[in-house]
Structures are given as C-alpha cells and as structure tokens.
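A.B. asks: Okay, handing you the structure first.
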Amino acid sequence: MIRILMIAALLIAASPIPAAANNSTVGSAGPGCKTYQDATAILEDMFDEKIVGRALMGRGEVRVVIEIWSNPETGTWTALRMLPNGCTQPVQSGEGW
C-alpha cells in the first residue's frame, strides 16, 4: 500500500498542472492521472519495471485497459488502468512477483 501511494504521489508531483485541475478534466478519475507515456516513464525510470500483461476490463458501458508492470529482479509490480479519456493511473502495487 505504501508503494502505491508513493507511485501516485510521484505521478501527481510530476504533473505540470495542479491535481485538482487535472481531476476536473477527467471527471471521477481521481489523483495521479497522467498520460500513458508519463506514467510508464516513471515505472521504467524509477522502478525499472516492464510491462508483463494487459487486459481489457468492462465497467458498465466504460471499458478500461489494465496493465501489469513488474521488475523480476526486485519482485515489485504495479497495476495501471487506462481510461477512455486518456487518463492513466496506478491502481495497485506490491512485491513478490
């Protein structure tokens, strides 16, 4: 849980606009909303994680893409969700991959 909060904080801190303004543009997307490129750059650069899986998940009429990123050397992993409006957010992370 601490790691997911740290990743979310990094995504928010790296944002060129305030998080509150960012959230207003994506509705209920929540904190840590980034472009896919910005979010994945943080996972690659700071945690040396690489994508290991991707799935399409339906939620009502909205479909989101879920990706799992991991680092086999450290055992860390992160789940990202990509919303149709372009928002990419970490939704969970852990160790022991």
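Letters for chains follow the order of the structure tokens (A, B, ...), residue numbers begin at 1 for each chain, and ligand numbers begin at 1 in the order shown.
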If you count only C-alpha atoms, which residues fall within 7 Å of segment 75-90 of chain A, apart from same-chain ones fewer than 3 positions away, as a PyMOL selection string?
C.D. replies: chain A and resi 4+8+26+32-36+39+64-72+93-97
A.B. asks: Taking only segment 44-92 of chain A into account, list the residues labelled alpha helix (DSSP H) by DSSP (computed from the backbone), as a list of chain:residue names.
C.D. replies: A:Glu44, A:Asp45, A:Met46, A:Phe47
A.B. asks: Would you work out the distance separating atom CA of Arg63 of chain A from atom CA of Asp48 of chain A, expressed in Å to one decimal?
C.D. replies: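 Here the two named atoms are 27.9 Å from each other.
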A.B. asks: If you run DSSP on this backbone, which residues of segment 23-97 of chain A come out as strand (DSSP E), and could you give them as a PyMOL selection string?
C.D. replies: chain A and resi 50-59+62-71+76-82+88-94
A.B. asks: Can I get the selected residues back with N, CA and C atoms, as an mmCIF file, in the first residue's frame?
C.D. replies:
```
data_model
loop_
_atom_site.group_PDB
_atom_site.id
_atom_site.type_symbol
_atom_site.label_atom_id
_atom_site.label_comp_id
_atom_site.auth_asym_id
_atom_site.auth_seq_id
_atom_site.Cartn_x
_atom_site.Cartn_y
_atom_site.Cartn_z
ATOM 1 N N LYS A 50 8.852 -3.370 -16.310
ATOM 2 C CA LYS A 50 8.481 -3.558 -17.709
ATOM 3 C C LYS A 50 7.094 -4.174 -17.760
ATOM 4 N N ILE A 51 6.393 -3.933 -18.847
ATOM 5 C CA ILE A 51 5.039 -4.481 -18.980
ATOM 6 C C ILE A 51 5.096 -6.001 -19.143
ATOM 7 N N VAL A 52 4.242 -6.700 -18.396
ATOM 8 C CA VAL A 52 4.189 -8.161 -18.479
ATOM 9 C C VAL A 52 2.799 -8.674 -18.842
ATOM 10 N N GLY A 53 1.793 -7.805 -18.811
ATOM 11 C CA GLY A 53 0.457 -8.247 -19.169
ATOM 12 C C GLY A 53 -0.492 -7.094 -19.372
ATOM 13 N N ARG A 54 -1.518 -7.347 -20.193
ATOM 14 C CA ARG A 54 -2.519 -6.319 -20.493
ATOM 15 C C ARG A 54 -3.869 -7.015 -20.674
ATOM 16 N N ALA A 55 -4.923 -6.371 -20.174
ATOM 17 C CA ALA A 55 -6.263 -6.927 -20.317
ATOM 18 C C ALA A 55 -7.278 -5.803 -20.470
ATOM 19 N N LEU A 56 -8.379 -6.115 -21.110
ATOM 20 C CA LEU A 56 -9.489 -5.182 -21.263
ATOM 21 C C LEU A 56 -10.542 -5.534 -20.227
ATOM 22 N N MET A 57 -10.983 -4.541 -19.471
ATOM 23 C CA MET A 57 -11.960 -4.773 -18.414
ATOM 24 C C MET A 57 -13.174 -3.897 -18.661
ATOM 25 N N GLY A 58 -14.362 -4.467 -18.589
ATOM 26 C CA GLY A 58 -15.579 -3.704 -18.776
ATOM 27 C C GLY A 58 -16.152 -3.263 -17.456
ATOM 28 N N ARG A 59 -16.625 -2.028 -17.420
ATOM 29 C CA ARG A 59 -17.283 -1.497 -16.229
ATOM 30 C C ARG A 59 -18.493 -0.724 -16.738
ATOM 31 N N VAL A 62 -18.352 1.600 -19.843
ATOM 32 C CA VAL A 62 -16.974 2.070 -19.956
ATOM 33 C C VAL A 62 -16.033 0.876 -19.909
ATOM 34 N N ARG A 63 -15.121 0.829 -20.842
ATOM 35 C CA ARG A 63 -14.090 -0.203 -20.838
ATOM 36 C C ARG A 63 -12.759 0.451 -20.518
ATOM 37 N N VAL A 64 -11.995 -0.204 -19.681
ATOM 38 C CA VAL A 64 -10.668 0.299 -19.325
ATOM 39 C C VAL A 64 -9.642 -0.791 -19.629
ATOM 40 N N VAL A 65 -8.417 -0.365 -19.849
ATOM 41 C CA VAL A 65 -7.316 -1.297 -20.058
ATOM 42 C C VAL A 65 -6.522 -1.358 -18.756
ATOM 43 N N ILE A 66 -6.226 -2.568 -18.322
ATOM 44 C CA ILE A 66 -5.409 -2.797 -17.133
ATOM 45 C C ILE A 66 -4.081 -3.383 -17.608
ATOM 46 N N GLU A 67 -2.978 -2.826 -17.120
ATOM 47 C CA GLU A 67 -1.658 -3.362 -17.430
ATOM 48 C C GLU A 67 -0.945 -3.714 -16.137
ATOM 49 N N ILE A 68 -0.184 -4.801 -16.184
ATOM 50 C CA ILE A 68 0.665 -5.187 -15.064
ATOM 51 C C ILE A 68 2.109 -4.968 -15.495
ATOM 52 N N TRP A 69 2.838 -4.218 -14.674
ATOM 53 C CA TRP A 69 4.259 -3.945 -14.878
ATOM 54 C C TRP A 69 5.015 -4.595 -13.736
ATOM 55 N N SER A 70 6.187 -5.148 -14.013
ATOM 56 C CA SER A 70 6.948 -5.760 -12.925
ATOM 57 C C SER A 70 8.448 -5.681 -13.184
ATOM 58 N N ASN A 71 9.181 -5.888 -12.111
ATOM 59 C CA ASN A 71 10.630 -5.989 -12.151
ATOM 60 C C ASN A 71 10.979 -7.334 -11.524
ATOM 61 N N THR A 76 9.027 -6.270 -7.522
ATOM 62 C CA THR A 76 7.950 -5.281 -7.430
ATOM 63 C C THR A 76 7.035 -5.369 -8.650
ATOM 64 N N TRP A 77 5.798 -4.971 -8.470
ATOM 65 C CA TRP A 77 4.837 -4.923 -9.571
ATOM 66 C C TRP A 77 3.878 -3.757 -9.355
ATOM 67 N N THR A 78 3.299 -3.289 -10.457
ATOM 68 C CA THR A 78 2.329 -2.192 -10.431
ATOM 69 C C THR A 78 1.233 -2.494 -11.435
ATOM 70 N N ALA A 79 -0.013 -2.262 -11.036
ATOM 71 C CA ALA A 79 -1.148 -2.357 -11.953
ATOM 72 C C ALA A 79 -1.569 -0.944 -12.335
ATOM 73 N N LEU A 80 -1.653 -0.690 -13.638
ATOM 74 C CA LEU A 80 -2.107 0.604 -14.159
ATOM 75 C C LEU A 80 -3.461 0.427 -14.818
ATOM 76 N N ARG A 81 -4.278 1.469 -14.757
ATOM 77 C CA ARG A 81 -5.514 1.455 -15.542
ATOM 78 C C ARG A 81 -5.486 2.643 -16.481
ATOM 79 N N MET A 82 -5.948 2.415 -17.701
ATOM 80 C CA MET A 82 -6.058 3.462 -18.702
ATOM 81 C C MET A 82 -7.531 3.650 -19.034
ATOM 82 N N THR A 88 -4.206 7.778 -17.251
ATOM 83 C CA THR A 88 -3.542 6.552 -16.797
ATOM 84 C C THR A 88 -3.199 6.722 -15.333
ATOM 85 N N GLN A 89 -3.568 5.727 -14.516
ATOM 86 C CA GLN A 89 -3.379 5.793 -13.068
ATOM 87 C C GLN A 89 -2.884 4.463 -12.511
ATOM 88 N N PRO A 90 -2.062 4.507 -11.446
ATOM 89 C CA PRO A 90 -1.753 3.266 -10.738
ATOM 90 C C PRO A 90 -2.954 2.893 -9.869
ATOM 91 N N VAL A 91 -3.300 1.622 -9.852
ATOM 92 C CA VAL A 91 -4.426 1.202 -9.008
ATOM 93 C C VAL A 91 -4.006 0.245 -7.897
ATOM 94 N N GLN A 92 -2.836 -0.366 -8.048
ATOM 95 C CA GLN A 92 -2.343 -1.269 -7.015
ATOM 96 C C GLN A 92 -0.876 -1.565 -7.302
ATOM 97 N N SER A 93 -0.148 -1.922 -6.271
ATOM 98 C CA SER A 93 1.241 -2.341 -6.454
ATOM 99 C C SER A 93 1.625 -3.254 -5.307
ATOM 100 N N GLY A 94 2.742 -3.919 -5.450
ATOM 101 C CA GLY A 94 3.179 -4.803 -4.393
ATOM 102 C C GLY A 94 4.551 -5.377 -4.674
#
```
